[in-house]
Amino acid sequence: MSIAAAGAATRDHEFDRDTAVVPRPGEPGAYAIDLSEGWTIISALNGGYLLSVVGRALGQALPHHDPLTITAHYLTASRPGPAVIRTQLVRGGRTLSNGQASLFQRDDSGQEVERIRVIAAYGDLDALSAEVRTAARPPRMPSYEECVSGEEAPDGGPVSGSTALLDRLDLRIDPATAGWAMGAPSGAGRIRGWLGFADGRDHDPLSLLFAADALPPTAFDLGLKGWTPTLELTVHVRSRPAPGPLRVSLTTRNLAGGLMEEDGEVWDSADRLVAQSRQLARAPRG
């Protein structure tokens, strides 16, 4: 079955369709996918989308199917089109499976190039203890209706190039962290917002990998413009999210040597911290 046919047969939402992977005949643990240009921003495929693609392949290949912790190193820039993901079971236990995977594409000369390398631990989120001890609190922000949608943002701003990704999202930014869109960044390095899918898909553990990298980069709130390429992204999935939009909070505390970190928290509609993330990225040069 072709990649397109497999997606059309079983998936009703864009995210599921565009992360669908198909086993490659004769190559155990390998999966094919056509990376969709619908998840590009500026000139690059979104790192959270790419992590979700590899995460789906690992979820199919490993004995356990829910990502608990996953780390990706982005080696070369991925582009829309055919790709191959090769997975490996590192260790399979009773409650956890450890695996690794790499995503490959062919360059203009036809040579296979590794784009991303991932290592992860998978388990069963429903089997985890229900006990919670935390000092974390949901981000204080206005209601979904009071936050700023993409349609309300002015023309121009720090993004120049493709905004196809935004068409797939129902994203509302907290006005307190949206000054950069009007040419008045706060300098605090914070972005907060509500995140859903434009086609109404609810979030699940796989889409939490995408949610951790779906908001505009905190570099914009620092007054920087342009692409912020991710070097490394780690996501910890803590719980299966409740239906409804997520609240995502990103913070940068340190930009040095042209590199910046982003610490992320993802909260569901039941006020639970369902994912945490950290990434290291190159700061825009603008």
# chains A, B, ... in the order shown; residues from 1 in each chain; ligands from 1
>>> residues_around(residues="A:Thr252", least_positions_apart="4", cutoff="8 Å", atoms="only C-alpha atoms", output="VMD selection string")
chain A and resid 188 to 190 218 260 to 263
>>> select_by_dssp(residues="stretch 41-264 of chain A", states="helix (DSSP H, G or I)", output="number ranges by chain")
A: 47-61, 125-127, 144-146, 150-152, 164-167, 175-177, 179-182, 205-211, 218-222
>>> write_last_selection(atoms="C-alpha atoms", output="PDB file, in the first residue's frame")
ATOM      1  CA  GLY A  47      11.015  20.491  14.410  1.00  0.00           C
ATOM      2  CA  GLY A  48       8.052  19.325  16.483  1.00  0.00           C
ATOM      3  CA  TYR A  49       6.366  17.912  13.382  1.00  0.00           C
ATOM      4  CA  LEU A  50       9.542  16.023  12.480  1.00  0.00           C
ATOM      5  CA  LEU A  51       9.867  14.697  16.036  1.00  0.00           C
ATOM      6  CA  SER A  52       6.264  13.492  15.863  1.00  0.00           C
ATOM      7  CA  VAL A  53       6.977  11.651  12.602  1.00  0.00           C
ATOM      8  CA  VAL A  54       9.932   9.801  14.125  1.00  0.00           C
ATOM      9  CA  GLY A  55       7.966   9.339  17.357  1.00  0.00           C
ATOM     10  CA  ARG A  56       5.146   7.630  15.453  1.00  0.00           C
ATOM     11  CA  ALA A  57       7.588   5.230  13.816  1.00  0.00           C
ATOM     12  CA  LEU A  58       9.103   4.333  17.191  1.00  0.00           C
ATOM     13  CA  GLY A  59       5.630   3.830  18.657  1.00  0.00           C
ATOM     14  CA  GLN A  60       4.905   1.279  15.947  1.00  0.00           C
ATOM     15  CA  ALA A  61       8.286  -0.448  16.186  1.00  0.00           C
ATOM     16  CA  LEU A 125       0.904   6.154  30.192  1.00  0.00           C
ATOM     17  CA  ASP A 126      -2.287   4.550  31.481  1.00  0.00           C
ATOM     18  CA  ALA A 127      -0.251   2.212  33.705  1.00  0.00           C
ATOM     19  CA  TYR A 144      -9.009  31.424  24.870  1.00  0.00           C
ATOM     20  CA  GLU A 145     -11.458  34.029  23.555  1.00  0.00           C
ATOM     21  CA  GLU A 146      -9.386  36.920  24.936  1.00  0.00           C
ATOM     22  CA  GLY A 150      -3.347  34.647  13.813  1.00  0.00           C
ATOM     23  CA  GLU A 151      -6.049  36.494  11.882  1.00  0.00           C
ATOM     24  CA  GLU A 152      -5.706  39.448  14.265  1.00  0.00           C
ATOM     25  CA  ALA A 164       1.754  27.031   6.106  1.00  0.00           C
ATOM     26  CA  LEU A 165       2.116  25.629   9.622  1.00  0.00           C
ATOM     27  CA  LEU A 166      -0.161  28.324  11.053  1.00  0.00           C
ATOM     28  CA  ASP A 167      -3.005  27.273   8.745  1.00  0.00           C
ATOM     29  CA  PRO A 175      -1.587  39.368  24.625  1.00  0.00           C
ATOM     30  CA  ALA A 176       1.006  39.921  27.374  1.00  0.00           C
ATOM     31  CA  THR A 177       3.513  37.939  25.280  1.00  0.00           C
ATOM     32  CA  GLY A 179       4.039  42.565  21.701  1.00  0.00           C
ATOM     33  CA  TRP A 180       6.645  41.311  19.213  1.00  0.00           C
ATOM     34  CA  ALA A 181       3.867  40.914  16.609  1.00  0.00           C
ATOM     35  CA  MET A 182       3.259  44.682  16.803  1.00  0.00           C
ATOM     36  CA  PRO A 205       0.667  11.800  23.547  1.00  0.00           C
ATOM     37  CA  LEU A 206       2.147  11.943  20.043  1.00  0.00           C
ATOM     38  CA  SER A 207       0.886  15.450  19.331  1.00  0.00           C
ATOM     39  CA  LEU A 208       2.425  16.645  22.619  1.00  0.00           C
ATOM     40  CA  LEU A 209       5.787  16.183  20.879  1.00  0.00           C
ATOM     41  CA  PHE A 210       4.604  18.682  18.285  1.00  0.00           C
ATOM     42  CA  ALA A 211       3.020  21.036  20.843  1.00  0.00           C
ATOM     43  CA  THR A 218      10.864  33.133  22.325  1.00  0.00           C
ATOM     44  CA  ALA A 219      13.551  34.811  20.199  1.00  0.00           C
ATOM     45  CA  PHE A 220      10.759  37.003  18.819  1.00  0.00           C
ATOM     46  CA  ASP A 221      10.019  38.331  22.313  1.00  0.00           C
ATOM     47  CA  LEU A 222      13.738  39.088  22.645  1.00  0.00           C
TER      48      LEU A 222
END
>>> residues_around(residues="A:Gly200", least_positions_apart="5", cutoff="12 Å", atoms="only C-alpha atoms", output="list in words")
Asp12, His13, Glu14, Phe15, Arg168, Leu169, Asp170, Leu171, Leu195, Pro243, Gly244 and Pro245 of chain A
>>> closest_residue(among="A:Ala214, A:Leu273, A:Val84, A:Val148", to="A:Arg133", atoms="only C-alpha atoms")
A:Leu273
>>> residues_around(residues="stretch 236-239 of chain A", least_positions_apart="6", cutoff="10 Å", atoms="only C-alpha atoms", output="short mmCIF file (atom, residue, chain, number, x, y, z; two decimals) with N, CA and C atoms, in the first residue's frame")
data_model
loop_
_atom_site.label_atom_id
_atom_site.label_comp_id
_atom_site.auth_asym_id
_atom_site.auth_seq_id
_atom_site.Cartn_x
_atom_site.Cartn_y
_atom_site.Cartn_z
N ASP A 66 3.65 4.46 23.99
CA ASP A 66 3.53 5.86 24.41
C ASP A 66 4.91 6.44 24.68
N PRO A 67 5.26 7.58 24.07
CA PRO A 67 6.54 8.21 24.38
C PRO A 67 6.53 8.76 25.80
N LEU A 68 7.57 8.47 26.57
CA LEU A 68 7.74 9.02 27.91
C LEU A 68 8.83 10.09 27.91
N THR A 69 9.94 9.78 27.28
CA THR A 69 11.00 10.77 27.09
C THR A 69 11.62 10.52 25.73
N ILE A 70 11.83 11.61 24.99
CA ILE A 70 12.36 11.48 23.63
C ILE A 70 13.25 12.69 23.35
N THR A 71 14.42 12.41 22.81
CA THR A 71 15.40 13.47 22.51
C THR A 71 15.84 13.35 21.06
N ALA A 120 14.92 7.36 22.69
CA ALA A 120 13.67 7.52 23.42
C ALA A 120 13.40 6.35 24.35
N ALA A 121 12.54 6.60 25.34
CA ALA A 121 11.97 5.56 26.19
C ALA A 121 10.46 5.61 26.05
N TYR A 122 9.86 4.47 25.79
CA TYR A 122 8.41 4.35 25.60
C TYR A 122 7.84 3.45 26.69
N ASP A 124 3.65 2.76 28.91
CA ASP A 124 2.19 2.81 28.88
C ASP A 124 1.75 3.90 29.84
N LEU A 125 1.30 5.04 29.33
CA LEU A 125 0.90 6.15 30.19
C LEU A 125 -0.25 5.79 31.12
N ASP A 126 -1.13 4.92 30.66
CA ASP A 126 -2.29 4.55 31.48
C ASP A 126 -1.90 3.67 32.66
N LEU A 128 0.83 4.25 34.54
CA LEU A 128 1.64 5.01 35.49
C LEU A 128 0.86 5.33 36.75
N ALA A 130 -0.96 7.33 39.62
CA ALA A 130 -1.78 8.54 39.57
C ALA A 130 -1.33 9.59 40.59
N ASP A 204 -3.13 14.14 21.75
CA ASP A 204 -2.80 12.84 22.32
C ASP A 204 -1.30 12.85 22.63
N PRO A 205 -0.76 11.77 23.19
CA PRO A 205 0.67 11.80 23.55
C PRO A 205 1.59 12.14 22.38
N LEU A 206 1.28 11.64 21.18
CA LEU A 206 2.15 11.94 20.04
C LEU A 206 2.13 13.42 19.70
N LEU A 208 1.72 15.85 21.61
CA LEU A 208 2.43 16.65 22.62
C LEU A 208 3.87 16.90 22.18
N LEU A 209 4.43 15.98 21.40
CA LEU A 209 5.79 16.18 20.88
C LEU A 209 5.80 17.38 19.94
N ALA A 212 5.21 20.95 21.89
CA ALA A 212 6.37 21.52 22.57
C ALA A 212 7.16 22.47 21.67
N GLU A 265 6.42 24.21 29.10
CA GLU A 265 5.42 23.46 29.86
C GLU A 265 4.16 23.39 29.02
N VAL A 266 3.53 22.22 29.02
CA VAL A 266 2.29 22.01 28.28
C VAL A 266 1.23 21.52 29.26
N TRP A 267 0.13 22.27 29.36
CA TRP A 267 -0.96 21.98 30.31
C TRP A 267 -2.23 21.66 29.54
N ASP A 268 -3.00 20.70 30.06
CA ASP A 268 -4.23 20.35 29.36
C ASP A 268 -5.43 21.07 29.98
N ARG A 272 -3.64 19.89 34.17
CA ARG A 272 -2.55 18.96 34.44
C ARG A 272 -1.35 19.28 33.56
N LEU A 273 -0.18 19.19 34.14
CA LEU A 273 1.07 19.36 33.39
C LEU A 273 1.31 18.05 32.63
N VAL A 274 1.02 18.05 31.32
CA VAL A 274 1.06 16.80 30.56
C VAL A 274 2.37 16.62 29.79
N ALA A 275 3.16 17.68 29.65
CA ALA A 275 4.46 17.53 28.98
C ALA A 275 5.37 18.67 29.40
N GLN A 276 6.66 18.39 29.40
CA GLN A 276 7.70 19.38 29.64
C GLN A 276 8.74 19.23 28.54
N SER A 277 9.42 20.32 28.22
CA SER A 277 10.40 20.25 27.14
C SER A 277 11.55 21.20 27.40
N ARG A 278 12.64 20.91 26.75
CA ARG A 278 13.77 21.85 26.66
C ARG A 278 14.40 21.67 25.29
#
>>> closest_residue(among="A:Val90, A:Ala83, A:Ala77, A:Leu224", to="A:Leu62", atoms="only C-alpha atoms")
A:Val90
>>> closest_residue(among="A:His65, A:His203, A:Arg247, A:Arg117", to="A:Arg137", atoms="only C-alpha atoms")
A:Arg247
>>> atom_distance(atom1="atom CA of A:Thr95", atom2="atom CA of A:Ala20")
25.5 Å
>>> closest_residue(among="A:Ser102, A:Thr76, A:Ser97, A:Asn46", to="A:Ala30", atoms="only C-alpha atoms")
A:Ser102
>>> closest_residue(among="A:Ala135, A:Cys147, A:Val113, A:Ala178", to="A:Pro216", atoms="only C-alpha atoms")
A:Ala178
>>> closest_residue(among="A:Pro185, A:Leu96, A:Ser149, A:Gln105", to="A:Arg172", atoms="only C-alpha atoms")
A:Ser149
>>> select_by_dssp(residues="stretch 222-253 of chain A", states="strand (DSSP E or B)", output="PDB file with N, CA and C atoms, in the first residue's frame")
ATOM      1  N   THR A 230      16.421  24.571  15.465  1.00  0.00           N
ATOM      2  CA  THR A 230      16.609  23.733  16.649  1.00  0.00           C
ATOM      3  C   THR A 230      17.807  22.812  16.445  1.00  0.00           C
ATOM      4  N   LEU A 231      18.681  22.760  17.449  1.00  0.00           N
ATOM      5  CA  LEU A 231      19.791  21.812  17.448  1.00  0.00           C
ATOM      6  C   LEU A 231      19.423  20.530  18.184  1.00  0.00           C
ATOM      7  N   GLU A 232      18.750  20.691  19.322  1.00  0.00           N
ATOM      8  CA  GLU A 232      18.365  19.528  20.143  1.00  0.00           C
ATOM      9  C   GLU A 232      17.044  19.832  20.829  1.00  0.00           C
ATOM     10  N   LEU A 233      16.165  18.845  20.887  1.00  0.00           N
ATOM     11  CA  LEU A 233      14.856  18.991  21.533  1.00  0.00           C
ATOM     12  C   LEU A 233      14.560  17.738  22.341  1.00  0.00           C
ATOM     13  N   THR A 234      14.248  17.933  23.624  1.00  0.00           N
ATOM     14  CA  THR A 234      13.844  16.845  24.509  1.00  0.00           C
ATOM     15  C   THR A 234      12.440  17.119  25.013  1.00  0.00           C
ATOM     16  N   VAL A 235      11.584  16.115  24.966  1.00  0.00           N
ATOM     17  CA  VAL A 235      10.219  16.226  25.480  1.00  0.00           C
ATOM     18  C   VAL A 235       9.977  15.090  26.457  1.00  0.00           C
ATOM     19  N   HIS A 236       9.431  15.439  27.636  1.00  0.00           N
ATOM     20  CA  HIS A 236       8.965  14.465  28.612  1.00  0.00           C
ATOM     21  C   HIS A 236       7.445  14.477  28.601  1.00  0.00           C
ATOM     22  N   VAL A 237       6.833  13.361  28.281  1.00  0.00           N
ATOM     23  CA  VAL A 237       5.375  13.241  28.295  1.00  0.00           C
ATOM     24  C   VAL A 237       4.965  12.675  29.651  1.00  0.00           C
ATOM     25  N   LEU A 246      -4.681  22.993  24.473  1.00  0.00           N
ATOM     26  CA  LEU A 246      -3.588  23.001  25.442  1.00  0.00           C
ATOM     27  C   LEU A 246      -3.182  24.431  25.749  1.00  0.00           C
ATOM     28  N   ARG A 247      -2.564  24.625  26.908  1.00  0.00           N
ATOM     29  CA  ARG A 247      -1.877  25.879  27.212  1.00  0.00           C
ATOM     30  C   ARG A 247      -0.385  25.584  27.221  1.00  0.00           C
ATOM     31  N   VAL A 248       0.340  26.342  26.408  1.00  0.00           N
ATOM     32  CA  VAL A 248       1.778  26.124  26.256  1.00  0.00           C
ATOM     33  C   VAL A 248       2.508  27.377  26.707  1.00  0.00           C
ATOM     34  N   SER A 249       3.528  27.189  27.525  1.00  0.00           N
ATOM     35  CA  SER A 249       4.335  28.296  28.031  1.00  0.00           C
ATOM     36  C   SER A 249       5.801  28.015  27.719  1.00  0.00           C
ATOM     37  N   LEU A 250       6.466  28.962  27.046  1.00  0.00           N
ATOM     38  CA  LEU A 250       7.882  28.846  26.696  1.00  0.00           C
ATOM     39  C   LEU A 250       8.660  29.998  27.309  1.00  0.00           C
ATOM     40  N   THR A 251       9.854  29.694  27.811  1.00  0.00           N
ATOM     41  CA  THR A 251      10.681  30.706  28.455  1.00  0.00           C
ATOM     42  C   THR A 251      12.144  30.506  28.076  1.00  0.00           C
TER      43      THR A 251
END
